[in-house]
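**Q** File run.json below, JSON, C-alpha atoms:
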```json
[["chain", "number", "residue", "atom", "x", "y", "z"],
["A", 21, "MET", "CA", 10.29, 56.06, -12.91],
["A", 22, "PRO", "CA", 7.85, 55.50, -10.01],
["A", 23, "THR", "CA", 4.38, 54.23, -10.82],
["A", 24, "ALA", "CA", 1.51, 56.64, -11.41],
["A", 25, "LEU", "CA", -0.74, 57.58, -8.53],
["A", 26, "SER", "CA", -4.04, 59.40, -8.24],
["A", 27, "VAL", "CA", -4.45, 62.53, -6.14],
["A", 28, "GLY", "CA", -7.71, 64.39, -6.00],
["A", 29, "GLY", "CA", -9.14, 62.20, -8.74],
["A", 30, "LYS", "CA", -6.40, 63.18, -11.21],
["A", 31, "MET", "CA", -3.62, 60.98, -12.53],
["A", 32, "VAL", "CA", -0.25, 61.75, -11.00],
["A", 33, "VAL", "CA", 3.17, 60.53, -12.05],
["A", 34, "PRO", "CA", 5.54, 60.87, -9.07],
["A", 35, "GLY", "CA", 8.76, 62.51, -10.05],
["A", 36, "ARG", "CA", 7.57, 64.69, -12.93],
["A", 37, "ASP", "CA", 3.87, 65.14, -13.84],
["A", 38, "VAL", "CA", 1.72, 65.55, -10.79],
["A", 39, "ASN", "CA", -1.58, 66.90, -9.55],
["A", 40, "SER", "CA", -2.50, 70.44, -10.67],
["A", 41, "ARG", "CA", -4.89, 72.54, -8.60],
["A", 42, "GLN", "CA", -5.34, 76.11, -7.44],
["A", 43, "SER", "CA", -4.58, 77.47, -3.97],
["A", 44, "MET", "CA", -4.20, 80.88, -2.39],
["A", 45, "ALA", "CA", -0.55, 80.73, -3.43],
["A", 46, "GLY", "CA", -1.27, 79.66, -7.00],
["A", 47, "PRO", "CA", -1.31, 76.38, -8.96],
["A", 48, "TYR", "CA", 0.44, 73.52, -7.20],
["A", 49, "ARG", "CA", 1.34, 69.88, -7.60],
["A", 50, "ILE", "CA", 2.64, 67.08, -5.37],
["A", 51, "GLU", "CA", 5.34, 64.57, -6.20],
["A", 52, "GLN", "CA", 6.70, 61.55, -4.41],
["A", 53, "LEU", "CA", 10.31, 62.16, -3.50],
["A", 54, "CYS", "CA", 12.53, 60.19, -5.87],
["A", 55, "ARG", "CA", 15.93, 60.31, -7.51],
["A", 56, "GLU", "CA", 14.66, 62.50, -10.35],
["A", 57, "ASN", "CA", 13.57, 65.40, -8.11],
["A", 58, "LEU", "CA", 16.35, 65.37, -5.50],
["A", 59, "ASP", "CA", 17.81, 68.63, -6.82],
["A", 60, "ASP", "CA", 14.48, 70.32, -6.05],
["A", 61, "PHE", "CA", 14.60, 68.94, -2.50],
["A", 62, "ARG", "CA", 18.21, 70.08, -2.11],
["A", 63, "THR", "CA", 17.09, 73.57, -3.11],
["A", 64, "LEU", "CA", 14.51, 73.56, -0.33],
["A", 65, "LEU", "CA", 16.90, 72.21, 2.28],
["A", 66, "VAL", "CA", 19.32, 75.11, 1.81],
["A", 67, "THR", "CA", 16.64, 77.81, 1.48],
["A", 68, "PRO", "CA", 15.95, 79.95, 4.60],
["A", 69, "PRO", "CA", 14.56, 79.27, 7.11],
["A", 70, "HIS", "CA", 15.83, 75.73, 6.42],
["A", 71, "SER", "CA", 19.46, 74.74, 6.54],
["A", 72, "TRP", "CA", 21.90, 72.85, 8.74],
["A", 73, "CYS", "CA", 19.59, 69.89, 9.55],
["A", 74, "TRP", "CA", 19.23, 68.39, 6.05],
["A", 75, "CYS", "CA", 16.23, 66.51, 7.45],
["A", 76, "VAL", "CA", 18.32, 63.90, 9.29],
["A", 77, "ALA", "CA", 17.10, 64.45, 12.86],
["A", 78, "TRP", "CA", 15.56, 60.97, 12.99],
["A", 79, "GLU", "CA", 18.36, 59.35, 10.98],
["A", 80, "THR", "CA", 21.12, 59.68, 13.58],
["A", 81, "PRO", "CA", 21.30, 56.85, 16.18],
["A", 82, "THR", "CA", 20.75, 59.07, 19.26],
["A", 83, "TRP", "CA", 20.22, 62.70, 20.25],
["A", 84, "GLU", "CA", 23.65, 62.76, 21.90],
["A", 85, "GLY", "CA", 25.81, 65.33, 20.14],
["A", 86, "TRP", "CA", 22.98, 66.34, 17.80],
["A", 87, "THR", "CA", 23.36, 70.10, 18.30],
["A", 88, "ASP", "CA", 27.13, 69.80, 17.81],
["A", 89, "ARG", "CA", 26.79, 68.32, 14.33],
["A", 90, "THR", "CA", 27.81, 70.45, 11.36],
["A", 91, "GLU", "CA", 25.72, 71.18, 8.30],
["A", 92, "GLU", "CA", 28.34, 69.35, 6.26],
["A", 93, "ALA", "CA", 27.97, 66.19, 8.36],
["A", 94, "ASN", "CA", 24.18, 66.29, 8.06],
["A", 95, "HIS", "CA", 24.39, 66.89, 4.32],
["A", 96, "SER", "CA", 26.75, 63.94, 3.88],
["A", 97, "LEU", "CA", 24.44, 61.66, 5.85],
["A", 98, "ARG", "CA", 21.43, 62.69, 3.79],
["A", 99, "GLU", "CA", 23.25, 62.11, 0.51],
["A", 100, "ALA", "CA", 24.40, 58.67, 1.73],
["A", 101, "LEU", "CA", 20.81, 57.71, 2.55],
["A", 102, "TRP", "CA", 19.66, 58.79, -0.90],
["A", 103, "LEU", "CA", 22.40, 56.71, -2.49],
["A", 104, "LYS", "CA", 20.92, 53.70, -0.65],
["A", 105, "GLY", "CA", 17.52, 54.51, -2.15],
["A", 106, "GLU", "CA", 15.96, 55.82, 1.07],
["A", 107, "PHE", "CA", 13.64, 58.64, -0.01],
["A", 108, "HIS", "CA", 10.39, 58.40, 2.03],
["A", 109, "GLY", "CA", 8.68, 61.68, 1.34],
["A", 110, "TYR", "CA", 6.81, 64.10, -0.90],
["A", 111, "LEU", "CA", 7.48, 67.46, -2.48],
["A", 112, "LEU", "CA", 4.98, 70.27, -2.96],
["A", 113, "TYR", "CA", 5.39, 72.57, -5.95],
["A", 114, "CYS", "CA", 3.76, 75.97, -6.29],
["A", 115, "LYS", "CA", 3.81, 77.74, -9.65],
["A", 116, "GLU", "CA", 6.26, 75.05, -10.84],
["A", 117, "ALA", "CA", 8.79, 75.89, -8.11],
["A", 118, "PRO", "CA", 9.57, 73.59, -5.15],
["A", 119, "ALA", "CA", 7.67, 75.03, -2.20],
["A", 120, "GLY", "CA", 7.72, 72.49, 0.64],
["A", 121, "TRP", "CA", 8.09, 68.89, 1.69],
["A", 122, "CYS", "CA", 7.16, 66.26, 4.20],
["A", 123, "ARG", "CA", 8.88, 63.04, 5.21],
["A", 124, "VAL", "CA", 6.63, 60.03, 5.70],
["A", 125, "GLY", "CA", 7.24, 56.30, 5.61],
["A", 126, "PRO", "CA", 6.95, 53.04, 7.56],
["A", 127, "ARG", "CA", 7.56, 53.60, 11.26],
["A", 128, "ARG", "CA", 10.28, 50.96, 11.40],
["A", 129, "THR", "CA", 12.35, 53.12, 9.03],
["A", 130, "TRP", "CA", 13.30, 55.29, 12.02],
["A", 131, "PRO", "CA", 14.52, 53.26, 15.06],
["A", 132, "LYS", "CA", 15.37, 56.51, 16.83],
["A", 133, "LEU", "CA", 11.77, 57.71, 16.52],
["A", 134, "CYS", "CA", 10.48, 54.37, 17.85],
["A", 135, "GLU", "CA", 12.77, 54.55, 20.88],
["A", 136, "HIS", "CA", 12.08, 58.24, 21.51],
["A", 137, "PHE", "CA", 8.31, 57.75, 21.64],
["A", 138, "GLY", "CA", 8.33, 54.23, 23.13],
["A", 139, "LEU", "CA", 6.80, 52.53, 20.11],
["A", 140, "GLU", "CA", 7.41, 49.16, 18.49],
["A", 141, "PRO", "CA", 8.92, 49.16, 14.98],
["A", 142, "ASP", "CA", 6.11, 48.54, 12.50],
["A", 143, "GLU", "CA", 6.19, 48.18, 8.73],
["A", 144, "ASP", "CA", 2.46, 48.76, 8.28],
["A", 145, "VAL", "CA", 2.06, 52.00, 10.27],
["A", 146, "TYR", "CA", 3.28, 55.05, 8.34],
["A", 147, "SER", "CA", 4.71, 58.02, 10.26],
["A", 148, "PHE", "CA", 4.92, 61.69, 9.34],
["A", 149, "THR", "CA", 8.31, 62.77, 10.68],
["A", 150, "CYS", "CA", 9.20, 66.16, 9.23],
["A", 151, "PHE", "CA", 7.72, 69.18, 7.41],
["A", 152, "GLY", "CA", 9.17, 72.23, 5.77],
["A", 153, "MET", "CA", 7.86, 75.13, 3.69],
["A", 154, "ARG", "CA", 9.61, 78.04, 2.01],
["A", 155, "GLY", "CA", 9.46, 81.05, 4.31],
["A", 156, "GLU", "CA", 7.49, 83.33, 2.00],
["A", 157, "LEU", "CA", 4.82, 80.64, 1.51],
["A", 158, "GLN", "CA", 4.20, 79.87, 5.16],
["A", 159, "GLY", "CA", 0.79, 80.70, 6.58],
["A", 160, "ARG", "CA", -1.05, 80.18, 3.27],
["A", 161, "GLY", "CA", -2.59, 76.79, 4.01],
["A", 162, "LEU", "CA", -0.19, 74.80, 1.85],
["A", 163, "SER", "CA", 0.58, 72.28, 4.61],
["A", 164, "HIS", "CA", -3.11, 71.28, 4.45],
["A", 165, "VAL", "CA", -2.76, 70.83, 0.69],
["A", 166, "LEU", "CA", 0.33, 68.68, 1.09],
["A", 167, "VAL", "CA", -1.09, 66.42, 3.80],
["A", 168, "ALA", "CA", -4.33, 65.88, 1.88],
["A", 169, "GLY", "CA", -2.43, 64.82, -1.22],
["A", 170, "VAL", "CA", -0.16, 62.49, 0.73],
["A", 171, "LEU", "CA", -3.13, 60.83, 2.43],
["A", 172, "GLU", "CA", -4.76, 60.17, -0.93],
["A", 173, "ASP", "CA", -1.59, 58.55, -2.23],
["A", 174, "LEU", "CA", -1.10, 56.40, 0.88],
["A", 175, "ALA", "CA", -4.69, 55.23, 0.59],
["A", 176, "ARG", "CA", -4.02, 54.21, -2.99],
["A", 177, "ARG", "CA", -1.00, 52.27, -1.78],
["A", 178, "ASN", "CA", -3.23, 50.42, 0.72],
["A", 179, "VAL", "CA", -1.64, 51.92, 3.82],
["A", 180, "SER", "CA", -4.21, 51.50, 6.58],
["A", 181, "LEU", "CA", -2.87, 53.50, 9.54],
["A", 182, "ILE", "CA", -0.94, 56.78, 9.55],
["A", 183, "GLU", "CA", 0.46, 58.64, 12.55],
["A", 184, "SER", "CA", 2.05, 61.95, 13.43],
["A", 185, "PHE", "CA", 3.78, 63.51, 16.43],
["A", 186, "PRO", "CA", 3.14, 67.27, 16.43],
["A", 187, "LYS", "CA", 4.58, 69.37, 19.22],
["A", 188, "LYS", "CA", 2.24, 70.52, 21.99],
["A", 189, "ILE", "CA", 2.43, 74.21, 21.09],
["A", 190, "GLU", "CA", -0.45, 76.66, 21.12],
["A", 191, "GLY", "CA", -0.91, 79.62, 18.80],
["A", 192, "ARG", "CA", 1.28, 80.80, 15.94],
["A", 193, "VAL", "CA", 4.95, 79.94, 16.36],
["A", 194, "GLU", "CA", 8.12, 79.93, 14.29],
["A", 195, "SER", "CA", 8.14, 77.21, 11.64],
["A", 196, "GLY", "CA", 11.32, 75.67, 13.03],
["A", 197, "LYS", "CA", 9.48, 74.76, 16.22],
["A", 198, "VAL", "CA", 6.77, 72.80, 14.41],
["A", 199, "TRP", "CA", 9.03, 70.78, 12.16],
["A", 200, "MET", "CA", 6.95, 67.66, 12.85],
["A", 201, "GLY", "CA", 3.84, 69.48, 11.64],
["A", 202, "PRO", "CA", 1.23, 71.64, 13.40],
["A", 203, "VAL", "CA", -1.55, 69.95, 15.39],
["A", 204, "SER", "CA", -4.17, 71.93, 13.44],
["A", 205, "VAL", "CA", -3.05, 70.48, 10.11],
["A", 206, "PHE", "CA", -3.47, 66.91, 11.32],
["A", 207, "GLU", "CA", -6.76, 67.61, 13.08],
["A", 208, "ARG", "CA", -8.20, 69.08, 9.91],
["A", 209, "ALA", "CA", -7.00, 65.99, 8.02],
["A", 210, "GLY", "CA", -8.95, 63.70, 10.35],
["A", 211, "PHE", "CA", -6.22, 62.62, 12.75],
["A", 212, "GLU", "CA", -7.17, 61.96, 16.37],
["A", 213, "LYS", "CA", -5.06, 62.32, 19.50],
["A", 214, "VAL", "CA", -4.39, 58.83, 20.84],
["A", 215, "GLN", "CA", -1.71, 59.58, 23.43],
["A", 216, "GLU", "CA", -0.28, 62.60, 25.20],
["A", 217, "LEU", "CA", 3.50, 62.40, 25.27],
["A", 218, "LYS", "CA", 5.95, 64.62, 27.13],
["A", 219, "ASN", "CA", 6.29, 67.33, 24.48],
["A", 220, "ASN", "CA", 4.23, 65.92, 21.63],
["A", 221, "TRP", "CA", 0.86, 64.46, 20.74],
["A", 222, "HIS", "CA", 0.67, 61.00, 19.23],
["A", 223, "MET", "CA", -2.04, 61.29, 16.58],
["A", 224, "GLN", "CA", -3.37, 58.65, 14.21],
["A", 225, "ARG", "CA", -5.78, 58.27, 11.34],
["A", 226, "LYS", "CA", -7.14, 55.17, 9.67],
["A", 227, "VAL", "CA", -7.05, 55.40, 5.90],
["A", 228, "ASN", "CA", -8.28, 52.00, 4.73],
["A", 229, "PRO", "CA", -10.38, 50.55, 7.60]]
```
If you took the structure in this file and wrote it as structure tokens, what would it be?

**A**
Amino acid sequence: MPTALSVGGKMVVPGRDVNSRQSMAGPYRIEQLCRENLDDFRTLLVTPPHSWCWCVAWETPTWEGWTDRTEEANHSLREALWLKGEFHGYLLYCKEAPAGWCRVGPRRTWPKLCEHFGLEPDEDVYSFTCFGMRGELQGRGLSHVLVAGVLEDLARRNVSLIESFPKKIEGRVESGKVWMGPVSVFERAGFEKVQELKNNWHMQRKVNP
């Protein structure tokens, strides 16, 4: 069982007993992704509008042939990574049901991401790489809730620098097009734009100066 963490001043045990608060969508909690809650994550990954990808976009070596991959191939890759103990993420629960997730971990975890954005692999910089939320819960501010809880946990774990790469998209768009997170969510969480990339912003926030 993972060690306990504190979110919002309340004791949190990743994997089972986590932060309880109220939101527009109802009571929620946040858990670190771990072996014990993988079935909840699997439920999210096959729930519309999510499917096919299985959150492995940054796990494949290159983008070549990415759109030709099958859902079965992506699922198999994800399960193989879990078997190796590679979790790197958090789950958001609303009214005790899995509602959304984000993937975040040391930048060096994803060589493809480093190459794509021209960055050096780094163990100390943590990267947000992927977000998802159940369709009926989108637009209720829950991504803000999730990011805030994750930042509190990373601060507790003495992570000093966190980054994100949201797409340069204005206005309200389909969730599938902001799978790396909306700019507004990161801005509200205190991230600053440090570099304009071709299709994305490179944003960072210091957690433990």

**Q** What does the distance between atom CA of Val167 of chain A and atom CA of Asp144 of chain A come to in Å, to one decimal place?

**A** 18.6 Å

**Q** Could you give me, as a PDB file with C-alpha atoms, keeping the file's coordinate frame, the residues within 12 Å of Cys73 of chain A, counting all atoms listed in the file and dropping anything in the same chain fewer than 2 positions from it?

**A**
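Ended up saving to result-v5.pdb:
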```
ATOM      1  CA  ARG A  62      18.210  70.080  -2.110  1.00  0.00           C
ATOM      2  CA  LEU A  64      14.510  73.560  -0.330  1.00  0.00           C
ATOM      3  CA  LEU A  65      16.900  72.210   2.280  1.00  0.00           C
ATOM      4  CA  VAL A  66      19.320  75.110   1.810  1.00  0.00           C
ATOM      5  CA  THR A  67      16.640  77.810   1.480  1.00  0.00           C
ATOM      6  CA  PRO A  68      15.950  79.950   4.600  1.00  0.00           C
ATOM      7  CA  PRO A  69      14.560  79.270   7.110  1.00  0.00           C
ATOM      8  CA  HIS A  70      15.830  75.730   6.420  1.00  0.00           C
ATOM      9  CA  SER A  71      19.460  74.740   6.540  1.00  0.00           C
ATOM     10  CA  CYS A  75      16.230  66.510   7.450  1.00  0.00           C
ATOM     11  CA  VAL A  76      18.320  63.900   9.290  1.00  0.00           C
ATOM     12  CA  ALA A  77      17.100  64.450  12.860  1.00  0.00           C
ATOM     13  CA  TRP A  78      15.560  60.970  12.990  1.00  0.00           C
ATOM     14  CA  GLU A  79      18.360  59.350  10.980  1.00  0.00           C
ATOM     15  CA  THR A  80      21.120  59.680  13.580  1.00  0.00           C
ATOM     16  CA  TRP A  86      22.980  66.340  17.800  1.00  0.00           C
ATOM     17  CA  THR A  87      23.360  70.100  18.300  1.00  0.00           C
ATOM     18  CA  ASP A  88      27.130  69.800  17.810  1.00  0.00           C
ATOM     19  CA  ARG A  89      26.790  68.320  14.330  1.00  0.00           C
ATOM     20  CA  THR A  90      27.810  70.450  11.360  1.00  0.00           C
ATOM     21  CA  GLU A  91      25.720  71.180   8.300  1.00  0.00           C
ATOM     22  CA  GLU A  92      28.340  69.350   6.260  1.00  0.00           C
ATOM     23  CA  ALA A  93      27.970  66.190   8.360  1.00  0.00           C
ATOM     24  CA  ASN A  94      24.180  66.290   8.060  1.00  0.00           C
ATOM     25  CA  HIS A  95      24.390  66.890   4.320  1.00  0.00           C
ATOM     26  CA  SER A  96      26.750  63.940   3.880  1.00  0.00           C
ATOM     27  CA  LEU A  97      24.440  61.660   5.850  1.00  0.00           C
ATOM     28  CA  ARG A  98      21.430  62.690   3.790  1.00  0.00           C
ATOM     29  CA  CYS A 150       9.200  66.160   9.230  1.00  0.00           C
ATOM     30  CA  GLY A 152       9.170  72.230   5.770  1.00  0.00           C
ATOM     31  CA  GLY A 196      11.320  75.670  13.030  1.00  0.00           C
ATOM     32  CA  TRP A 199       9.030  70.780  12.160  1.00  0.00           C
TER      33      TRP A 199
END
```

**Q** Write out as a ChimeraX atom specification the residues lying within 12 Å of Gly138 of chain A, counting all atoms listed in the file and excluding same-chain residues fewer than 4 positions away.

**A** /A:127,131-134,215,217-218,222

**Q** Considering all atoms listed in the file, give me a table of residues in segment 137-170 of chain A that are at most 10 Å from segment 111-124 of chain A, with the closest atom pair and distance in Å for each, as a tab-separated table.

**A**
```
residue	atom	partner	partner_atom	distance
A:Tyr146	CA	A:Val124	CA	6.6
A:Ser147	CA	A:Val124	CA	5.3
A:Phe148	CA	A:Val124	CA	4.4
A:Thr149	CA	A:Arg123	CA	5.5
A:Cys150	CA	A:Arg123	CA	5.1
A:Phe151	CA	A:Cys122	CA	4.4
A:Gly152	CA	A:Gly120	CA	5.3
A:Met153	CA	A:Gly120	CA	4.0
A:Arg154	CA	A:Ala119	CA	5.5
A:Gly155	CA	A:Ala119	CA	9.0
A:Glu156	CA	A:Ala119	CA	9.3
A:Leu157	CA	A:Ala119	CA	7.3
A:Gln158	CA	A:Gly120	CA	9.3
A:Leu162	CA	A:Gly120	CA	8.3
A:Ser163	CA	A:Gly120	CA	8.2
A:Val165	CA	A:Leu112	CA	8.6
A:Leu166	CA	A:Leu112	CA	6.4
A:Val167	CA	A:Cys122	CA	8.3
A:Gly169	CA	A:Leu112	CA	9.4
A:Val170	CA	A:Val124	CA	8.8
```

**Q** Which residues, written as a PyMOL selection string, have at least one atom at most 12 Å from Ser204 of chain A, with only C-alpha atoms counted and residues fewer than 5 positions away on the same chain left out?

**A** chain A and resi 161+163-164+167+184-192+198+209-213+221+223

**Q** Mind pulling up the distance from atom CA of Asp59 of chain A to atom CA of Tyr110 of chain A?

**A** 13.3 Å

**Q** What's around Ala175 of chain A at 7 Å? Count only C-alpha atoms, leave out sequence neighbours fewer than 3 positions away in its own chain, and write the answer as number ranges by chain.

**A** A: 171-172, 178-179, 227-228

**Q** Residues within 9 Å of (9.2, 48.9, 8.6), file coordinates, counting all atoms listed in the file: what are they? Give the list as a CSV table (one decimal) with C-alpha atoms, keeping the file's coordinate frame.

**A**
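Contents of result31.csv, freshly written:
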```csv
chain,number,residue,atom,x,y,z
A,125,GLY,CA,7.2,56.3,5.6
A,126,PRO,CA,7.0,53.0,7.6
A,127,ARG,CA,7.6,53.6,11.3
A,128,ARG,CA,10.3,51.0,11.4
A,129,THR,CA,12.4,53.1,9.0
A,130,TRP,CA,13.3,55.3,12.0
A,141,PRO,CA,8.9,49.2,15.0
A,142,ASP,CA,6.1,48.5,12.5
A,143,GLU,CA,6.2,48.2,8.7
A,144,ASP,CA,2.5,48.8,8.3
A,145,VAL,CA,2.1,52.0,10.3
A,146,TYR,CA,3.3,55.0,8.3
```
